[in-house]
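Q: So I've got this file, coords.pdb, and it contains PDB, C-alpha atoms:
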ATOM      1  CA  MET A  35       8.777  44.354  16.960  1.00  0.00           C
ATOM      2  CA  ALA A  36      12.358  43.545  16.073  1.00  0.00           C
ATOM      3  CA  LYS A  37      13.252  40.807  13.666  1.00  0.00           C
ATOM      4  CA  ALA A  38      14.740  37.611  15.114  1.00  0.00           C
ATOM      5  CA  VAL A  39      18.504  37.220  15.337  1.00  0.00           C
ATOM      6  CA  ILE A  40      19.864  34.110  13.586  1.00  0.00           C
ATOM      7  CA  LEU A  41      22.548  32.176  15.476  1.00  0.00           C
ATOM      8  CA  ASP A  42      24.816  29.289  14.438  1.00  0.00           C
ATOM      9  CA  ALA A  43      24.306  29.845  10.705  1.00  0.00           C
ATOM     10  CA  SER A  44      26.774  28.711   8.056  1.00  0.00           C
ATOM     11  CA  THR A  45      28.303  31.216   5.658  1.00  0.00           C
ATOM     12  CA  GLY A  46      25.623  32.766   3.464  1.00  0.00           C
ATOM     13  CA  LEU A  47      25.150  31.790  -0.168  1.00  0.00           C
ATOM     14  CA  ASP A  48      26.637  33.838  -2.985  1.00  0.00           C
ATOM     15  CA  GLU A  49      24.711  34.791  -6.130  1.00  0.00           C
ATOM     16  CA  ALA A  50      25.943  31.738  -8.071  1.00  0.00           C
ATOM     17  CA  ALA A  51      24.777  29.362  -5.317  1.00  0.00           C
ATOM     18  CA  LEU A  52      21.382  31.111  -5.127  1.00  0.00           C
ATOM     19  CA  ALA A  53      20.945  30.871  -8.911  1.00  0.00           C
ATOM     20  CA  SER A  54      21.920  27.179  -8.794  1.00  0.00           C
ATOM     21  CA  LEU A  55      19.384  26.543  -6.022  1.00  0.00           C
ATOM     22  CA  GLU A  56      16.615  28.273  -7.984  1.00  0.00           C
ATOM     23  CA  LYS A  57      17.477  26.168 -11.038  1.00  0.00           C
ATOM     24  CA  LYS A  58      17.319  22.930  -8.991  1.00  0.00           C
ATOM     25  CA  LEU A  59      13.994  23.951  -7.447  1.00  0.00           C
ATOM     26  CA  GLY A  60      12.467  25.197 -10.703  1.00  0.00           C
ATOM     27  CA  PHE A  61      11.217  28.329  -8.925  1.00  0.00           C
ATOM     28  CA  ALA A  62      12.515  31.830  -8.287  1.00  0.00           C
ATOM     29  CA  LEU A  63      12.975  32.529  -4.601  1.00  0.00           C
ATOM     30  CA  PRO A  64      11.199  35.510  -3.016  1.00  0.00           C
ATOM     31  CA  ALA A  65      13.521  38.481  -2.444  1.00  0.00           C
ATOM     32  CA  ASP A  66      13.343  38.285   1.365  1.00  0.00           C
ATOM     33  CA  TYR A  67      14.261  34.568   1.397  1.00  0.00           C
ATOM     34  CA  ARG A  68      17.098  35.161  -1.118  1.00  0.00           C
ATOM     35  CA  SER A  69      18.401  37.876   1.194  1.00  0.00           C
ATOM     36  CA  PHE A  70      18.070  35.565   4.203  1.00  0.00           C
ATOM     37  CA  LEU A  71      20.070  32.817   2.446  1.00  0.00           C
ATOM     38  CA  SER A  72      22.739  35.291   1.339  1.00  0.00           C
ATOM     39  CA  GLN A  73      23.208  36.300   4.985  1.00  0.00           C
ATOM     40  CA  HIS A  74      22.410  33.048   6.825  1.00  0.00           C
ATOM     41  CA  ASN A  75      22.620  29.501   5.577  1.00  0.00           C
ATOM     42  CA  GLY A  76      20.660  27.626   8.210  1.00  0.00           C
ATOM     43  CA  GLY A  77      20.751  28.608  11.850  1.00  0.00           C
ATOM     44  CA  ARG A  78      18.385  29.029  14.736  1.00  0.00           C
ATOM     45  CA  PRO A  79      16.371  32.153  15.467  1.00  0.00           C
ATOM     46  CA  VAL A  80      16.162  33.989  18.769  1.00  0.00           C
ATOM     47  CA  PRO A  81      13.394  34.421  19.697  1.00  0.00           C
ATOM     48  CA  GLU A  82      12.065  31.161  18.282  1.00  0.00           C
ATOM     49  CA  CYS A  83       8.331  30.749  19.090  1.00  0.00           C
ATOM     50  CA  PHE A  84       5.346  31.436  16.839  1.00  0.00           C
ATOM     51  CA  SER A  85       1.566  31.100  17.008  1.00  0.00           C
ATOM     52  CA  PHE A  86      -0.878  29.878  14.405  1.00  0.00           C
ATOM     53  CA  LEU A  87      -4.633  29.460  14.231  1.00  0.00           C
ATOM     54  CA  ASP A  88      -5.393  25.758  14.435  1.00  0.00           C
ATOM     55  CA  ASP A  89      -8.141  24.283  12.242  1.00  0.00           C
ATOM     56  CA  ASP A  90     -10.155  23.646  15.409  1.00  0.00           C
ATOM     57  CA  GLY A  91     -10.160  27.338  16.286  1.00  0.00           C
ATOM     58  CA  PRO A  92      -7.762  27.923  19.184  1.00  0.00           C
ATOM     59  CA  TYR A  93      -4.305  29.334  18.654  1.00  0.00           C
ATOM     60  CA  SER A  94      -1.417  26.905  19.005  1.00  0.00           C
ATOM     61  CA  ASP A  95       2.275  27.560  19.447  1.00  0.00           C
ATOM     62  CA  SER A  96       5.415  25.937  18.134  1.00  0.00           C
ATOM     63  CA  LEU A  97       8.993  26.995  17.661  1.00  0.00           C
ATOM     64  CA  VAL A  98      11.620  27.094  14.974  1.00  0.00           C
ATOM     65  CA  ASP A  99      14.264  24.560  15.915  1.00  0.00           C
ATOM     66  CA  TRP A 100      16.444  25.171  12.865  1.00  0.00           C
ATOM     67  CA  PHE A 101      16.363  26.892   9.481  1.00  0.00           C
ATOM     68  CA  LEU A 102      17.422  24.536   6.708  1.00  0.00           C
ATOM     69  CA  SER A 103      20.792  25.030   5.035  1.00  0.00           C
ATOM     70  CA  VAL A 104      21.980  24.558   1.461  1.00  0.00           C
ATOM     71  CA  GLY A 105      25.100  22.636   0.448  1.00  0.00           C
ATOM     72  CA  THR A 106      26.341  21.762   3.922  1.00  0.00           C
ATOM     73  CA  ASP A 107      26.785  18.398   5.592  1.00  0.00           C
ATOM     74  CA  ASP A 108      24.160  19.461   8.096  1.00  0.00           C
ATOM     75  CA  PRO A 109      21.321  16.954   8.652  1.00  0.00           C
ATOM     76  CA  SER A 110      18.940  19.885   8.049  1.00  0.00           C
ATOM     77  CA  ASP A 111      19.795  20.187   4.341  1.00  0.00           C
ATOM     78  CA  LEU A 112      17.133  22.029   2.337  1.00  0.00           C
ATOM     79  CA  LEU A 113      17.452  19.832  -0.756  1.00  0.00           C
ATOM     80  CA  ASP A 114      17.191  16.648   1.338  1.00  0.00           C
ATOM     81  CA  TYR A 115      13.988  18.016   2.857  1.00  0.00           C
ATOM     82  CA  CYS A 116      12.673  18.839  -0.621  1.00  0.00           C
ATOM     83  CA  SER A 117      13.295  15.243  -1.612  1.00  0.00           C
ATOM     84  CA  MET A 118      11.581  13.843   1.494  1.00  0.00           C
ATOM     85  CA  TYR A 119       8.562  16.137   1.489  1.00  0.00           C
ATOM     86  CA  VAL A 120       8.014  17.785  -1.908  1.00  0.00           C
ATOM     87  CA  GLU A 121       9.192  15.070  -4.286  1.00  0.00           C
ATOM     88  CA  ASP A 122       7.503  12.394  -2.157  1.00  0.00           C
ATOM     89  CA  GLU A 123       4.282  14.471  -2.444  1.00  0.00           C
ATOM     90  CA  ARG A 124       3.805  14.969   1.282  1.00  0.00           C
ATOM     91  CA  VAL A 125       3.414  18.767   0.866  1.00  0.00           C
ATOM     92  CA  PRO A 126       2.157  20.780  -2.137  1.00  0.00           C
ATOM     93  CA  SER A 127       4.667  20.862  -4.993  1.00  0.00           C
ATOM     94  CA  HIS A 128       5.100  24.655  -4.866  1.00  0.00           C
ATOM     95  CA  MET A 129       5.959  24.677  -1.157  1.00  0.00           C
ATOM     96  CA  LEU A 130       9.559  24.856  -0.004  1.00  0.00           C
ATOM     97  CA  PRO A 131      10.542  23.506   3.422  1.00  0.00           C
ATOM     98  CA  ILE A 132      12.666  26.252   4.998  1.00  0.00           C
ATOM     99  CA  ALA A 133      12.753  25.225   8.672  1.00  0.00           C
ATOM    100  CA  HIS A 134      11.527  22.601  11.128  1.00  0.00           C
ATOM    101  CA  ASP A 135      10.370  22.529  14.711  1.00  0.00           C
ATOM    102  CA  PRO A 136      11.716  19.992  17.234  1.00  0.00           C
ATOM    103  CA  PHE A 137       8.644  17.771  16.788  1.00  0.00           C
ATOM    104  CA  GLY A 138       9.008  16.816  13.095  1.00  0.00           C
ATOM    105  CA  ASN A 139       6.798  19.586  11.703  1.00  0.00           C
ATOM    106  CA  LEU A 140       7.820  21.994   8.952  1.00  0.00           C
ATOM    107  CA  ILE A 141       7.762  25.675   8.198  1.00  0.00           C
ATOM    108  CA  LEU A 142       7.034  26.057   4.473  1.00  0.00           C
ATOM    109  CA  LEU A 143       7.427  28.895   1.992  1.00  0.00           C
ATOM    110  CA  SER A 144       4.999  29.185  -0.937  1.00  0.00           C
ATOM    111  CA  LEU A 145       6.930  29.700  -4.180  1.00  0.00           C
ATOM    112  CA  SER A 146       4.027  30.357  -6.559  1.00  0.00           C
ATOM    113  CA  GLY A 147       0.356  31.205  -6.836  1.00  0.00           C
ATOM    114  CA  ASP A 148      -1.685  33.927  -5.181  1.00  0.00           C
ATOM    115  CA  ASP A 149       0.102  33.294  -1.895  1.00  0.00           C
ATOM    116  CA  ALA A 150       3.684  33.334  -3.264  1.00  0.00           C
ATOM    117  CA  GLY A 151       6.043  34.283  -0.452  1.00  0.00           C
ATOM    118  CA  ALA A 152       3.623  33.290   2.342  1.00  0.00           C
ATOM    119  CA  ILE A 153       4.826  31.128   5.243  1.00  0.00           C
ATOM    120  CA  TYR A 154       2.890  28.096   6.546  1.00  0.00           C
ATOM    121  CA  PHE A 155       3.126  25.550   9.347  1.00  0.00           C
ATOM    122  CA  TRP A 156       2.768  21.870   8.346  1.00  0.00           C
ATOM    123  CA  ASP A 157       1.917  19.348  11.089  1.00  0.00           C
ATOM    124  CA  HIS A 158       3.200  15.825  10.396  1.00  0.00           C
ATOM    125  CA  GLU A 159       0.573  14.331  12.723  1.00  0.00           C
ATOM    126  CA  ASN A 160      -2.192  15.601  10.436  1.00  0.00           C
ATOM    127  CA  GLU A 161      -0.503  14.491   7.229  1.00  0.00           C
ATOM    128  CA  GLY A 162      -2.885  13.591   4.443  1.00  0.00           C
ATOM    129  CA  ASP A 163      -3.197  14.822   0.898  1.00  0.00           C
ATOM    130  CA  ALA A 164      -0.480  17.183  -0.341  1.00  0.00           C
ATOM    131  CA  ASP A 165      -2.783  20.199  -0.310  1.00  0.00           C
ATOM    132  CA  TYR A 166      -3.675  23.125   1.937  1.00  0.00           C
ATOM    133  CA  SER A 167      -5.807  21.046   4.314  1.00  0.00           C
ATOM    134  CA  ASN A 168      -2.819  20.592   6.658  1.00  0.00           C
ATOM    135  CA  LEU A 169      -1.268  24.034   6.267  1.00  0.00           C
ATOM    136  CA  ASN A 170      -1.682  26.797   8.818  1.00  0.00           C
ATOM    137  CA  TYR A 171      -0.805  30.346   7.741  1.00  0.00           C
ATOM    138  CA  ILE A 172       1.897  31.965   9.897  1.00  0.00           C
ATOM    139  CA  GLY A 173       3.137  34.954   7.886  1.00  0.00           C
ATOM    140  CA  LYS A 174       2.671  36.931   4.677  1.00  0.00           C
ATOM    141  CA  ASN A 175       6.403  36.548   3.944  1.00  0.00           C
ATOM    142  CA  LEU A 176       9.621  35.545   5.678  1.00  0.00           C
ATOM    143  CA  ASP A 177      10.320  39.004   7.087  1.00  0.00           C
ATOM    144  CA  HIS A 178       6.794  39.180   8.537  1.00  0.00           C
ATOM    145  CA  PHE A 179       7.256  35.730  10.098  1.00  0.00           C
ATOM    146  CA  LEU A 180      10.655  36.639  11.606  1.00  0.00           C
ATOM    147  CA  GLU A 181       9.225  39.862  13.060  1.00  0.00           C
ATOM    148  CA  ARG A 182       6.398  37.944  14.769  1.00  0.00           C
ATOM    149  CA  LEU A 183       8.605  35.403  16.588  1.00  0.00           C
ATOM    150  CA  PHE A 184       8.499  35.628  20.367  1.00  0.00           C
ATOM    151  CA  SER A 185      10.321  34.070  23.338  1.00  0.00           C
ATOM    152  CA  PHE A 186       8.953  31.028  25.127  1.00  0.00           C
ATOM    153  CA  GLN A 187       7.331  31.923  28.426  1.00  0.00           C
ATOM    154  CA  GLY A 188       7.286  28.612  30.331  1.00  0.00           C
TER     155      GLY A 188
END
Since I need it in another form, could you write the structure as structure tokens?
A:
Amino acid sequence: MAKAVILDASTGLDEAALASLEKKLGFALPADYRSFLSQHNGGRPVPECFSFLDDDGPYSDSLVDWFLSVGTDDPSDLLDYCSMYVEDERVPSHMLPIAHDPFGNLILLSLSGDDAGAIYFWDHENEGDADYSNLNYIGKNLDHFLERLFSFQG
């Protein structure tokens, strides 16, 4: 499978901006996400759909509406999302929102622990405690996630 193409992205981040972001977050970014941000700052992937195993058992699908950007006036600003979801304790404190779907759900990146680098889907309709009970695994890392995206077949 080929990795998704990212469209409509802002200019990528330079090393100084990446280091500043890591300092603000208090975490080092995984190499594949650092590379992604150095090439694309936000944007939408093509293809855009992904599947995840729902807690109830069947697979569900969603899509990446937009990857979050850093330091732009875009309403999908990564640090604004960190404030709304991480600092407000709606998602685990070591999770970084990196994208959203069109329905108000998030794609999260684990920044520490045994699953550092892993990608998860967070469903706002099942919001509860800021733990793993509302996280669905969707990739071992960003590159794996981008390689698994597929086109919507309506």
Q: Given the file shown, determine the residues that the PyMOL selection byres ((chain A and resi 49) around 12) selects; report them as a PyMOL selection string.
A: chain A and resi 46-48+50-56+68-69+71-73
Q: Given the selection you just returned, output its residues as a file containing C-alpha atoms, formatted as a PDB file, in the coordinates of the input.
A:
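File written: part17.pdb
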ATOM      1  CA  GLY A  46      25.623  32.766   3.464  1.00  0.00           C
ATOM      2  CA  LEU A  47      25.150  31.790  -0.168  1.00  0.00           C
ATOM      3  CA  ASP A  48      26.637  33.838  -2.985  1.00  0.00           C
ATOM      4  CA  ALA A  50      25.943  31.738  -8.071  1.00  0.00           C
ATOM      5  CA  ALA A  51      24.777  29.362  -5.317  1.00  0.00           C
ATOM      6  CA  LEU A  52      21.382  31.111  -5.127  1.00  0.00           C
ATOM      7  CA  ALA A  53      20.945  30.871  -8.911  1.00  0.00           C
ATOM      8  CA  SER A  54      21.920  27.179  -8.794  1.00  0.00           C
ATOM      9  CA  LEU A  55      19.384  26.543  -6.022  1.00  0.00           C
ATOM     10  CA  GLU A  56      16.615  28.273  -7.984  1.00  0.00           C
ATOM     11  CA  ARG A  68      17.098  35.161  -1.118  1.00  0.00           C
ATOM     12  CA  SER A  69      18.401  37.876   1.194  1.00  0.00           C
ATOM     13  CA  LEU A  71      20.070  32.817   2.446  1.00  0.00           C
ATOM     14  CA  SER A  72      22.739  35.291   1.339  1.00  0.00           C
ATOM     15  CA  GLN A  73      23.208  36.300   4.985  1.00  0.00           C
TER      16      GLN A  73
END
Q: Would you mind reading off the distance between CA of Phe155 (chain A) and CA of Pro136 (chain A), one decimal, in Å?
A: 12.9 Å
Q: How many Å lie between CA of Leu112 (chain A) and CA of Tyr93 (chain A), rounded to one decimal?
A: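 Those two atoms sit 27.9 Å apart.
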Q: Can you work out which one of A:Asp157, A:Asp163, A:Asp107, A:Asp66 has the shortest atom-to-atom distance to Asn175 (chain A), counting all atoms listed in the file?
A: A:Asp66
Q: Could you check the closest approach to Ile141 (chain A) for each of A:Pro64, A:Pro109, A:Gly173, A:Pro81 and tell me which residue wins, using all atoms listed in the file?
A: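 That would be A:Gly173, the residue with the smallest distance to Ile141 (chain A).
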Q: Find the smallest box with edges along x, y and z containing every listed atom of region 154-160 of chain A, then add 8 Å on each side and report centre and edge lengths in Å to one decimal, as lines of an AutoDock Vina configuration file.
A:
center_x = 0.5
center_y = 21.2
center_z = 9.6
size_x = 21.4
size_y = 29.8
size_z = 22.2
Q: Rounded to one decimal in Å, what is the spacing between CA of Asp149 (chain A) and CA of Val39 (chain A)?
A: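 Interatomic distance, CA of Asp149 (chain A) to CA of Val39 (chain A): 25.5 Å.
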Q: With all atoms listed in the file as the counted atoms, please give the residues lying no more than 10 Å from Phe86 (chain A), apart from itself and same-chain residues fewer than 4 positions off, as a count of residues only.
A: 12
Q: Tell me which of A:Phe101, A:Phe184, A:Phe84, A:Tyr166 sits closest to Asp42 (chain A), counting all atoms listed in the file.
A: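 Between A:Phe101, A:Phe184, A:Phe84, A:Tyr166, the residue approaching Asp42 (chain A) most closely is A:Phe101.
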Q: For a quick check of understanding, using all atoms listed in the file, which of A:Leu97, A:Cys83, A:Ala152, A:Leu183 has the smallest distance to Phe137 (chain A)?
A: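 The closest residue to Phe137 (chain A) is A:Leu97.
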Q: When distances are computed from all atoms listed in the file, which of A:Ala43, A:Ala62, A:Leu180, A:Leu113 shows the smallest separation from Leu145 (chain A)?
A: A:Ala62
Q: Within 10 Å of Leu41 (chain A), counting all atoms listed in the file, which residues show up once you throw out same-chain ones fewer than 3 positions away? Write them as a ChimeraX atom specification, please.
A: /A:38,44,74,76-80,100
Q: Which residue is closest to Phe61 (chain A)? Choose from A:Ile153, A:Ala164, A:Leu169, A:Leu130 and count only C-alpha atoms.
A: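 With only C-alpha atoms as the atom set, the closest residue is A:Leu130.
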Q: Write out as a compact mmCIF listing (two decimals) with C-alpha atoms, in the coordinates of the input the residues lying within 6 Å of Asp111 (chain A), counting all atoms listed in the file and excluding same-chain residues fewer than 4 positions away.
A:
# COMPACT_ATOMS: atom_id res chain seq x y z
CA LEU A 102 17.42 24.54 6.71
CA SER A 103 20.79 25.03 5.04
CA VAL A 104 21.98 24.56 1.46
Q: Need the shell around Ser117 (chain A): protein/DNA/RNA residues with any atom at most 12 Å away, counting only C-alpha atoms. Skip same-chain ones fewer than 6 positions apart. Format as a list in words?
A: Lys58, Leu59, Asp111, Glu123, Arg124, Val125, Ser127, Met129, Leu130 and Pro131 of chain A
